file start.cif (mmCIF, C-alpha atoms)
data_coords
#
loop_
_atom_site.group_PDB
_atom_site.id
_atom_site.type_symbol
_atom_site.label_atom_id
_atom_site.label_comp_id
_atom_site.auth_asym_id
_atom_site.auth_seq_id
_atom_site.Cartn_x
_atom_site.Cartn_y
_atom_site.Cartn_z
ATOM 1 C CA MET A 27 85.019 -23.934 -174.537
ATOM 2 C CA SER A 28 82.287 -22.065 -172.694
ATOM 3 C CA GLU A 29 81.409 -18.396 -173.031
ATOM 4 C CA PRO A 30 83.672 -16.066 -171.032
ATOM 5 C CA THR A 31 82.363 -15.203 -167.578
ATOM 6 C CA PRO A 32 81.178 -11.571 -167.422
ATOM 7 C CA CYS A 33 83.943 -9.321 -166.200
ATOM 8 C CA LEU A 34 82.340 -8.361 -162.907
ATOM 9 C CA PHE A 35 80.897 -11.144 -160.859
ATOM 10 C CA ILE A 36 78.467 -9.887 -158.240
ATOM 11 C CA PRO A 37 74.741 -10.101 -159.061
ATOM 12 C CA LEU A 38 72.631 -6.967 -159.250
ATOM 13 C CA LEU A 39 70.907 -6.005 -156.014
ATOM 14 C CA HIS A 40 68.166 -3.540 -156.994
ATOM 15 C CA SER A 41 65.852 -3.231 -159.930
ATOM 16 C CA THR A 42 65.836 0.565 -160.152
ATOM 17 C CA LEU A 43 68.795 2.432 -161.556
ATOM 18 C CA SER A 44 70.068 5.840 -160.518
ATOM 19 C CA PRO A 45 71.024 8.334 -163.205
ATOM 20 C CA LEU A 46 74.531 7.603 -164.428
ATOM 21 C CA PHE A 47 76.925 9.335 -166.720
ATOM 22 C CA PHE A 48 79.661 7.600 -168.726
ATOM 23 C CA PHE A 49 82.660 9.506 -169.942
ATOM 24 C CA PRO A 50 84.751 7.416 -172.336
ATOM 25 C CA SER A 51 88.468 8.090 -172.179
ATOM 26 C CA LYS A 52 89.802 5.984 -174.986
ATOM 27 C CA MET A 53 87.313 3.947 -176.940
ATOM 28 C CA GLU A 54 89.837 2.566 -179.419
ATOM 29 C CA SER A 55 93.055 1.702 -177.613
ATOM 30 C CA SER A 56 94.895 -1.270 -176.230
ATOM 31 C CA LYS A 57 93.037 -0.717 -172.916
ATOM 32 C CA TRP A 58 89.413 0.040 -172.184
ATOM 33 C CA GLU A 59 89.190 3.183 -170.074
ATOM 34 C CA GLY A 60 86.347 5.305 -168.839
ATOM 35 C CA SER A 61 84.634 6.979 -165.929
ATOM 36 C CA LEU A 62 81.196 6.560 -164.438
ATOM 37 C CA GLU A 63 79.560 9.207 -162.262
ATOM 38 C CA ILE A 64 76.733 8.290 -159.897
ATOM 39 C CA PRO A 65 74.816 10.932 -157.868
ATOM 40 C CA LEU A 66 73.930 9.986 -154.287
ATOM 41 C CA ALA A 67 71.523 11.710 -151.915
ATOM 42 C CA ALA A 68 73.892 11.470 -148.954
ATOM 43 C CA PRO A 69 76.639 13.703 -147.529
ATOM 44 C CA PRO A 70 80.051 13.120 -149.140
ATOM 45 C CA GLU A 71 81.827 12.781 -145.769
ATOM 46 C CA ARG A 72 79.501 9.969 -144.692
ATOM 47 C CA VAL A 73 79.691 8.193 -148.060
ATOM 48 C CA TRP A 74 83.498 8.404 -147.911
ATOM 49 C CA GLU A 75 83.573 7.124 -144.325
ATOM 50 C CA ILE A 76 81.701 3.977 -145.391
ATOM 51 C CA GLY A 77 83.040 3.549 -148.922
ATOM 52 C CA SER A 78 86.699 4.057 -148.039
ATOM 53 C CA ASP A 79 86.897 1.070 -145.707
ATOM 54 C CA PHE A 80 88.634 -1.108 -148.305
ATOM 55 C CA CYS A 81 88.177 -4.459 -146.575
ATOM 56 C CA GLU A 82 84.565 -3.782 -145.535
ATOM 57 C CA LEU A 83 83.156 -3.706 -149.056
ATOM 58 C CA LYS A 84 80.577 -6.303 -147.988
ATOM 59 C CA ARG A 85 78.914 -3.629 -145.829
ATOM 60 C CA TRP A 86 77.616 -1.843 -148.928
ATOM 61 C CA TYR A 87 77.943 -4.710 -151.378
ATOM 62 C CA PRO A 88 75.895 -7.392 -149.583
ATOM 63 C CA ALA A 89 75.937 -9.858 -152.491
ATOM 64 C CA LEU A 90 79.515 -10.624 -151.506
ATOM 65 C CA GLU A 91 79.821 -13.732 -149.386
ATOM 66 C CA ILE A 92 83.392 -12.944 -148.390
ATOM 67 C CA CYS A 93 85.441 -9.745 -148.260
ATOM 68 C CA GLU A 94 88.514 -9.975 -146.066
ATOM 69 C CA ARG A 95 92.094 -8.752 -145.869
ATOM 70 C CA VAL A 96 94.527 -11.473 -146.913
ATOM 71 C CA GLU A 97 97.753 -9.451 -147.163
ATOM 72 C CA GLY A 98 99.145 -6.321 -145.557
ATOM 73 C CA THR A 99 99.228 -5.013 -142.033
ATOM 74 C CA SER A 100 96.452 -2.450 -142.309
ATOM 75 C CA GLU A 101 92.968 -2.814 -143.748
ATOM 76 C CA GLN A 102 93.178 0.632 -145.288
ATOM 77 C CA GLY A 103 96.871 1.019 -146.024
ATOM 78 C CA PRO A 104 98.283 0.884 -149.518
ATOM 79 C CA GLY A 105 99.599 -2.590 -150.197
ATOM 80 C CA CYS A 106 96.814 -4.417 -148.410
ATOM 81 C CA VAL A 107 94.999 -7.042 -150.469
ATOM 82 C CA ARG A 108 91.359 -7.997 -150.078
ATOM 83 C CA TYR A 109 89.830 -11.275 -151.164
ATOM 84 C CA CYS A 110 86.236 -10.984 -152.401
ATOM 85 C CA ALA A 111 84.061 -13.936 -153.336
ATOM 86 C CA SER A 112 80.474 -14.520 -154.338
ATOM 87 C CA ALA A 113 78.428 -17.453 -155.547
ATOM 88 C CA SER A 114 78.270 -17.775 -159.289
ATOM 89 C CA SER A 115 74.946 -17.657 -161.078
ATOM 90 C CA SER A 116 76.082 -20.930 -162.662
ATOM 91 C CA SER A 117 76.168 -23.815 -160.198
ATOM 92 C CA SER A 118 79.061 -25.406 -162.092
ATOM 93 C CA GLU A 119 81.381 -22.466 -161.364
ATOM 94 C CA GLY A 120 81.124 -22.438 -157.559
ATOM 95 C CA LEU A 121 82.556 -19.338 -155.907
ATOM 96 C CA LEU A 122 83.822 -16.584 -158.161
ATOM 97 C CA TRP A 123 86.642 -14.705 -156.507
ATOM 98 C CA VAL A 124 89.098 -11.906 -156.976
ATOM 99 C CA LYS A 125 92.032 -10.452 -155.068
ATOM 100 C CA GLU A 126 92.338 -6.668 -155.196
ATOM 101 C CA LYS A 127 95.353 -4.689 -154.028
ATOM 102 C CA LEU A 128 94.989 -1.173 -152.645
ATOM 103 C CA ILE A 129 97.484 0.997 -154.529
ATOM 104 C CA SER A 130 96.720 4.381 -152.999
ATOM 105 C CA LEU A 131 94.302 5.959 -150.556
ATOM 106 C CA ASP A 132 93.964 9.731 -150.196
ATOM 107 C CA SER A 133 91.500 10.769 -147.499
ATOM 108 C CA SER A 134 91.897 14.462 -148.321
ATOM 109 C CA SER A 135 90.619 13.928 -151.870
ATOM 110 C CA HIS A 136 88.263 11.079 -150.843
ATOM 111 C CA SER A 137 89.747 8.617 -153.326
ATOM 112 C CA TYR A 138 91.465 5.280 -153.549
ATOM 113 C CA THR A 139 92.866 3.187 -156.377
ATOM 114 C CA TYR A 140 93.078 -0.580 -156.532
ATOM 115 C CA VAL A 141 94.090 -3.274 -159.022
ATOM 116 C CA VAL A 142 93.002 -6.865 -159.529
ATOM 117 C CA THR A 143 95.970 -9.132 -158.818
ATOM 118 C CA ASP A 144 94.382 -12.567 -159.109
ATOM 119 C CA GLY A 145 91.053 -14.284 -159.637
ATOM 120 C CA ASN A 146 89.234 -17.147 -161.302
ATOM 121 C CA MET A 147 87.281 -15.164 -163.896
ATOM 122 C CA GLU A 148 88.097 -14.296 -167.438
ATOM 123 C CA GLY A 149 88.210 -10.605 -168.222
ATOM 124 C CA MET A 150 89.789 -9.157 -165.094
ATOM 125 C CA GLU A 151 93.283 -8.901 -166.540
ATOM 126 C CA GLY A 152 94.680 -5.404 -166.182
ATOM 127 C CA TYR A 153 91.655 -4.134 -164.229
ATOM 128 C CA GLN A 154 92.403 -0.992 -162.245
ATOM 129 C CA ALA A 155 89.833 1.342 -160.735
ATOM 130 C CA THR A 156 89.697 4.552 -158.758
ATOM 131 C CA PHE A 157 86.784 5.161 -156.404
ATOM 132 C CA ARG A 158 86.237 8.829 -155.550
ATOM 133 C CA VAL A 159 83.575 10.721 -153.616
ATOM 134 C CA VAL A 160 83.063 14.413 -154.403
ATOM 135 C CA GLU A 161 80.594 16.981 -153.188
ATOM 136 C CA ASP A 162 77.729 17.652 -155.581
ATOM 137 C CA GLN A 163 78.216 21.326 -156.463
ATOM 138 C CA GLU A 164 74.583 21.659 -157.523
ATOM 139 C CA GLN A 165 72.887 20.036 -154.518
ATOM 140 C CA GLN A 166 74.068 20.797 -151.005
ATOM 141 C CA GLY A 167 74.500 17.763 -148.750
ATOM 142 C CA LYS A 168 74.691 15.346 -151.667
ATOM 143 C CA CYS A 169 77.619 13.808 -153.495
ATOM 144 C CA LEU A 170 78.824 12.112 -156.637
ATOM 145 C CA VAL A 171 80.658 8.794 -156.699
ATOM 146 C CA LYS A 172 83.148 8.697 -159.552
ATOM 147 C CA TRP A 173 84.488 5.356 -160.687
ATOM 148 C CA ASN A 174 87.364 5.487 -163.183
ATOM 149 C CA PHE A 175 88.372 2.182 -164.710
ATOM 150 C CA GLU A 176 90.925 0.646 -167.010
ATOM 151 C CA LEU A 177 91.257 -2.959 -168.149
ATOM 152 C CA ASN A 178 92.437 -5.081 -171.015
ATOM 153 C CA PRO A 179 89.770 -5.752 -173.654
ATOM 154 C CA ILE A 180 87.654 -8.821 -172.891
ATOM 155 C CA GLN A 181 87.538 -11.388 -175.671
ATOM 156 C CA GLY A 182 83.996 -11.863 -176.933
ATOM 157 C CA TYR A 183 82.729 -8.553 -175.505
ATOM 158 C CA SER A 184 82.673 -4.987 -176.728
ATOM 159 C CA GLN A 185 83.648 -2.040 -174.560
ATOM 160 C CA GLN A 186 80.041 -0.835 -174.807
ATOM 161 C CA ASP A 187 78.838 -4.177 -173.373
ATOM 162 C CA PHE A 188 81.284 -3.880 -170.491
ATOM 163 C CA VAL A 189 80.263 -0.271 -169.793
ATOM 164 C CA ALA A 190 76.559 -1.220 -169.825
ATOM 165 C CA TYR A 191 77.229 -4.034 -167.360
ATOM 166 C CA LEU A 192 79.408 -1.849 -165.120
ATOM 167 C CA THR A 193 76.817 0.941 -165.228
ATOM 168 C CA SER A 194 74.077 -1.393 -163.986
ATOM 169 C CA LEU A 195 76.296 -2.937 -161.365
ATOM 170 C CA LEU A 196 77.543 0.367 -159.976
ATOM 171 C CA ALA A 197 74.042 1.853 -159.940
ATOM 172 C CA ASP A 198 72.944 -1.000 -157.712
ATOM 173 C CA ILE A 199 75.883 -1.069 -155.335
ATOM 174 C CA THR A 200 76.002 2.702 -154.933
ATOM 175 C CA LYS A 201 72.271 2.663 -154.184
ATOM 176 C CA THR A 202 73.105 0.364 -151.276
ATOM 177 C CA LEU A 203 75.976 2.661 -150.273
ATOM 178 C CA GLU A 204 73.543 5.595 -150.306
ATOM 179 C CA GLU A 205 71.044 3.665 -148.155
ATOM 180 C CA VAL A 206 73.715 2.681 -145.599
ATOM 181 C CA ALA A 207 75.087 6.243 -145.460
ATOM 182 C CA SER A 208 71.615 7.782 -145.100
ATOM 183 C CA ALA A 209 70.422 5.257 -142.507
ATOM 184 C CA SER A 210 73.388 5.973 -140.280
ATOM 185 C CA LEU A 211 72.338 9.647 -140.140
ATOM 186 C CA GLU A 212 68.916 8.861 -138.660
#
call {"tool": "encode", "arguments": {"input": "start.cif", "output": "structure tokens"}}
result
Amino acid sequence: MSEPTPCLFIPLLHSTLSPLFFFPSKMESSKWEGSLEIPLAAPPERVWEIGSDFCELKRWYPALEICERVEGTSEQGPGCVRYCASASSSSSEGLLWVKEKLISLDSSSHSYTYVVTDGNMEGMEGYQATFRVVEDQEQQGKCLVKWNFELNPIQGYSQQDFVAYLTSLLADITKTLEEVASASLE
């Protein structure tokens, strides 16, 4: 049997990392839980406008080959399901894909929660995340992206390995989100 596929499947996009902060919730439990906080040099309203479009993830996550609504009547309404796919780094695996269901979306608090419902990768069982954009209280006109996550432990990996991978991945995709949000202001 081959090594398990890393939990998240999209390749990194940038070589430089933004400062990140990890806040473990429960390091020793039946679930891995935690929160990552990424500062962005863009207005929170603009970051939310772009980041909240659940089925347009490809706009700020260009490594995705496909991101489309496959269930539900609204692209931003709870209950809608997006299908995301990207080429694997291993030619033998073909497309790696996941279906994610939007559980809640709260525009007033700039947050949404989604769960993985299906996919062809090991390690995504029980994955749930909340994406939230908040104003940076220390720097006017800037924001923080907070990503809370929970998932079942991944066989063959430690929680620290998963957090390191997620930290790198989120630093890269939020950098793209920051660039898209800032470019649209010019």
call {"tool": "axis_aligned_box", "arguments": {"input": "start.cif", "around": "range 185-188 of chain A", "padding_each_side": "6 Å", "output": "lines of an AutoDock Vina configuration file"}}
result
center_x = 81.2
center_y = -2.5
center_z = -172.6
size_x = 16.8
size_y = 15.3
size_z = 16.3
call {"tool": "closest_residue", "arguments": {"input": "start.cif", "among": "A:Thr200, A:Ser114, A:Ser133, A:Ser100", "to": "Leu170 in chain A", "atoms": "only C-alpha atoms"}}
result
A:Thr200
call {"tool": "closest_residue", "arguments": {"input": "start.cif", "among": "A:Glu205, A:Glu161, A:Glu75, A:Asp144", "to": "Val107 in chain A", "atoms": "all atoms listed in the file"}}
result
A:Asp144
call {"tool": "residues_around", "arguments": {"input": "start.cif", "residues": "Ala68 in chain A", "least_positions_apart": "2", "cutoff": "6 Å", "atoms": "all atoms listed in the file", "output": "VMD selection string"}}
result
chain A and resid 66 168 208
call {"tool": "atom_distance", "arguments": {"input": "start.cif", "atom1": "CA of Ile180 in chain A", "atom2": "CA of Ile129 in chain A"}}
result
23.0 Å
call {"tool": "resolve_selection", "arguments": {"input": "start.cif", "expression": "the PyMOL selection byres ((chain A and resi 167) around 10)", "output": "JSON, numbers by chain"}}
result
{"A": [66, 67, 68, 69, 70, 71, 161, 162, 163, 164, 165, 166, 168, 169]}
call {"tool": "residues_around", "arguments": {"input": "start.cif", "residues": "Gly152 in chain A", "least_positions_apart": "3", "cutoff": "10 Å", "atoms": "all atoms listed in the file", "output": "JSON, numbers by chain"}}
result
{"A": [57, 58, 141, 142, 143, 149, 155, 175, 176, 177, 178, 179]}
call {"tool": "residues_around", "arguments": {"input": "start.cif", "residues": "Thr202 in chain A", "least_positions_apart": "2", "cutoff": "10 Å", "atoms": "only C-alpha atoms", "output": "number ranges by chain"}}
result
A: 39-40, 85-88, 196-200, 204-208
call {"tool": "atom_distance", "arguments": {"input": "start.cif", "atom1": "CA of Val160 in chain A", "atom2": "CA of Gly98 in chain A"}}
result
27.7 Å
call {"tool": "build_atoms", "arguments": {"input": "start.cif", "residues": "range 149-160 of chain A", "atoms": "all heavy atoms", "output": "PDB file, keeping the file's coordinate frame"}}
result
ATOM      1  N   GLY A 149      88.566 -11.996-167.999  1.00  0.00           N
ATOM      2  CA  GLY A 149      88.210 -10.605-168.222  1.00  0.00           C
ATOM      3  C   GLY A 149      88.711  -9.625-167.188  1.00  0.00           C
ATOM      4  O   GLY A 149      88.551  -8.425-167.367  1.00  0.00           O
ATOM      5  N   MET A 150      89.336 -10.086-166.126  1.00  0.00           N
ATOM      6  CA  MET A 150      89.789  -9.157-165.094  1.00  0.00           C
ATOM      7  C   MET A 150      91.250  -8.753-165.281  1.00  0.00           C
ATOM      8  O   MET A 150      91.781  -7.986-164.483  1.00  0.00           O
ATOM      9  CB  MET A 150      89.594  -9.765-163.703  1.00  0.00           C
ATOM     10  CG  MET A 150      88.125 -10.003-163.353  1.00  0.00           C
ATOM     11  SD  MET A 150      87.087  -8.524-163.443  1.00  0.00           S
ATOM     12  CE  MET A 150      87.637  -7.624-162.018  1.00  0.00           C
ATOM     13  N   GLU A 151      91.885  -9.219-166.311  1.00  0.00           N
ATOM     14  CA  GLU A 151      93.283  -8.901-166.540  1.00  0.00           C
ATOM     15  C   GLU A 151      93.459  -7.395-166.759  1.00  0.00           C
ATOM     16  O   GLU A 151      92.761  -6.777-167.550  1.00  0.00           O
ATOM     17  CB  GLU A 151      93.846  -9.660-167.744  1.00  0.00           C
ATOM     18  CG  GLU A 151      93.944 -11.157-167.547  1.00  0.00           C
ATOM     19  CD  GLU A 151      92.620 -11.882-167.764  1.00  0.00           C
ATOM     20  OE1 GLU A 151      91.728 -11.341-168.460  1.00  0.00           O
ATOM     21  OE2 GLU A 151      92.475 -12.984-167.219  1.00  0.00           O
ATOM     22  N   GLY A 152      94.375  -6.827-166.021  1.00  0.00           N
ATOM     23  CA  GLY A 152      94.680  -5.404-166.182  1.00  0.00           C
ATOM     24  C   GLY A 152      93.640  -4.475-165.596  1.00  0.00           C
ATOM     25  O   GLY A 152      93.675  -3.277-165.853  1.00  0.00           O
ATOM     26  N   TYR A 153      92.699  -4.999-164.788  1.00  0.00           N
ATOM     27  CA  TYR A 153      91.655  -4.134-164.229  1.00  0.00           C
ATOM     28  C   TYR A 153      92.226  -3.262-163.119  1.00  0.00           C
ATOM     29  O   TYR A 153      92.831  -3.742-162.172  1.00  0.00           O
ATOM     30  CB  TYR A 153      90.489  -4.972-163.678  1.00  0.00           C
ATOM     31  CG  TYR A 153      89.334  -4.115-163.191  1.00  0.00           C
ATOM     32  CD1 TYR A 153      88.389  -3.622-164.084  1.00  0.00           C
ATOM     33  CD2 TYR A 153      89.206  -3.772-161.851  1.00  0.00           C
ATOM     34  CE1 TYR A 153      87.337  -2.821-163.645  1.00  0.00           C
ATOM     35  CE2 TYR A 153      88.157  -2.978-161.404  1.00  0.00           C
ATOM     36  CZ  TYR A 153      87.235  -2.503-162.305  1.00  0.00           C
ATOM     37  OH  TYR A 153      86.202  -1.706-161.876  1.00  0.00           O
ATOM     38  N   GLN A 154      92.029  -1.974-163.262  1.00  0.00           N
ATOM     39  CA  GLN A 154      92.403  -0.992-162.245  1.00  0.00           C
ATOM     40  C   GLN A 154      91.248  -0.002-162.142  1.00  0.00           C
ATOM     41  O   GLN A 154      90.664   0.372-163.147  1.00  0.00           O
ATOM     42  CB  GLN A 154      93.681  -0.256-162.636  1.00  0.00           C
ATOM     43  CG  GLN A 154      94.055   0.837-161.648  1.00  0.00           C
ATOM     44  CD  GLN A 154      95.399   1.469-161.962  1.00  0.00           C
ATOM     45  OE1 GLN A 154      96.362   0.770-162.201  1.00  0.00           O
ATOM     46  NE2 GLN A 154      95.442   2.788-161.958  1.00  0.00           N
ATOM     47  N   ALA A 155      90.935   0.400-160.922  1.00  0.00           N
ATOM     48  CA  ALA A 155      89.833   1.342-160.735  1.00  0.00           C
ATOM     49  C   ALA A 155      90.185   2.345-159.650  1.00  0.00           C
ATOM     50  O   ALA A 155      90.948   2.049-158.728  1.00  0.00           O
ATOM     51  CB  ALA A 155      88.550   0.601-160.368  1.00  0.00           C
ATOM     52  N   THR A 156      89.603   3.523-159.793  1.00  0.00           N
ATOM     53  CA  THR A 156      89.697   4.552-158.758  1.00  0.00           C
ATOM     54  C   THR A 156      88.284   4.905-158.337  1.00  0.00           C
ATOM     55  O   THR A 156      87.430   5.208-159.173  1.00  0.00           O
ATOM     56  CB  THR A 156      90.431   5.809-159.270  1.00  0.00           C
ATOM     57  OG1 THR A 156      91.762   5.435-159.629  1.00  0.00           O
ATOM     58  CG2 THR A 156      90.472   6.894-158.211  1.00  0.00           C
ATOM     59  N   PHE A 157      88.057   4.812-157.033  1.00  0.00           N
ATOM     60  CA  PHE A 157      86.784   5.161-156.404  1.00  0.00           C
ATOM     61  C   PHE A 157      86.985   6.528-155.769  1.00  0.00           C
ATOM     62  O   PHE A 157      87.941   6.727-155.023  1.00  0.00           O
ATOM     63  CB  PHE A 157      86.472   4.099-155.337  1.00  0.00           C
ATOM     64  CG  PHE A 157      85.324   4.442-154.425  1.00  0.00           C
ATOM     65  CD1 PHE A 157      84.026   4.146-154.787  1.00  0.00           C
ATOM     66  CD2 PHE A 157      85.554   5.027-153.187  1.00  0.00           C
ATOM     67  CE1 PHE A 157      82.969   4.441-153.938  1.00  0.00           C
ATOM     68  CE2 PHE A 157      84.506   5.319-152.325  1.00  0.00           C
ATOM     69  CZ  PHE A 157      83.206   5.030-152.706  1.00  0.00           C
ATOM     70  N   ARG A 158      86.095   7.472-156.086  1.00  0.00           N
ATOM     71  CA  ARG A 158      86.237   8.829-155.550  1.00  0.00           C
ATOM     72  C   ARG A 158      84.874   9.389-155.200  1.00  0.00           C
ATOM     73  O   ARG A 158      83.901   9.211-155.942  1.00  0.00           O
ATOM     74  CB  ARG A 158      86.915   9.722-156.586  1.00  0.00           C
ATOM     75  CG  ARG A 158      87.391  11.036-156.004  1.00  0.00           C
ATOM     76  CD  ARG A 158      88.236  11.766-156.996  1.00  0.00           C
ATOM     77  NE  ARG A 158      87.318  12.485-157.880  1.00  0.00           N
ATOM     78  CZ  ARG A 158      87.691  13.195-158.903  1.00  0.00           C
ATOM     79  NH1 ARG A 158      88.939  13.278-159.244  1.00  0.00           N
ATOM     80  NH2 ARG A 158      86.803  13.833-159.632  1.00  0.00           N
ATOM     81  N   VAL A 159      84.806  10.081-154.064  1.00  0.00           N
ATOM     82  CA  VAL A 159      83.575  10.721-153.616  1.00  0.00           C
ATOM     83  C   VAL A 159      83.819  12.227-153.633  1.00  0.00           C
ATOM     84  O   VAL A 159      84.791  12.712-153.040  1.00  0.00           O
ATOM     85  CB  VAL A 159      83.191  10.278-152.189  1.00  0.00           C
ATOM     86  CG1 VAL A 159      81.910  10.970-151.737  1.00  0.00           C
ATOM     87  CG2 VAL A 159      83.034   8.761-152.118  1.00  0.00           C
ATOM     88  N   VAL A 160      82.944  12.953-154.340  1.00  0.00           N
ATOM     89  CA  VAL A 160      83.063  14.413-154.403  1.00  0.00           C
ATOM     90  C   VAL A 160      81.727  15.055-154.047  1.00  0.00           C
ATOM     91  O   VAL A 160      80.664  14.457-154.248  1.00  0.00           O
ATOM     92  CB  VAL A 160      83.535  14.911-155.797  1.00  0.00           C
ATOM     93  CG1 VAL A 160      84.914  14.359-156.138  1.00  0.00           C
ATOM     94  CG2 VAL A 160      82.543  14.553-156.882  1.00  0.00           C
TER      95      VAL A 160
END
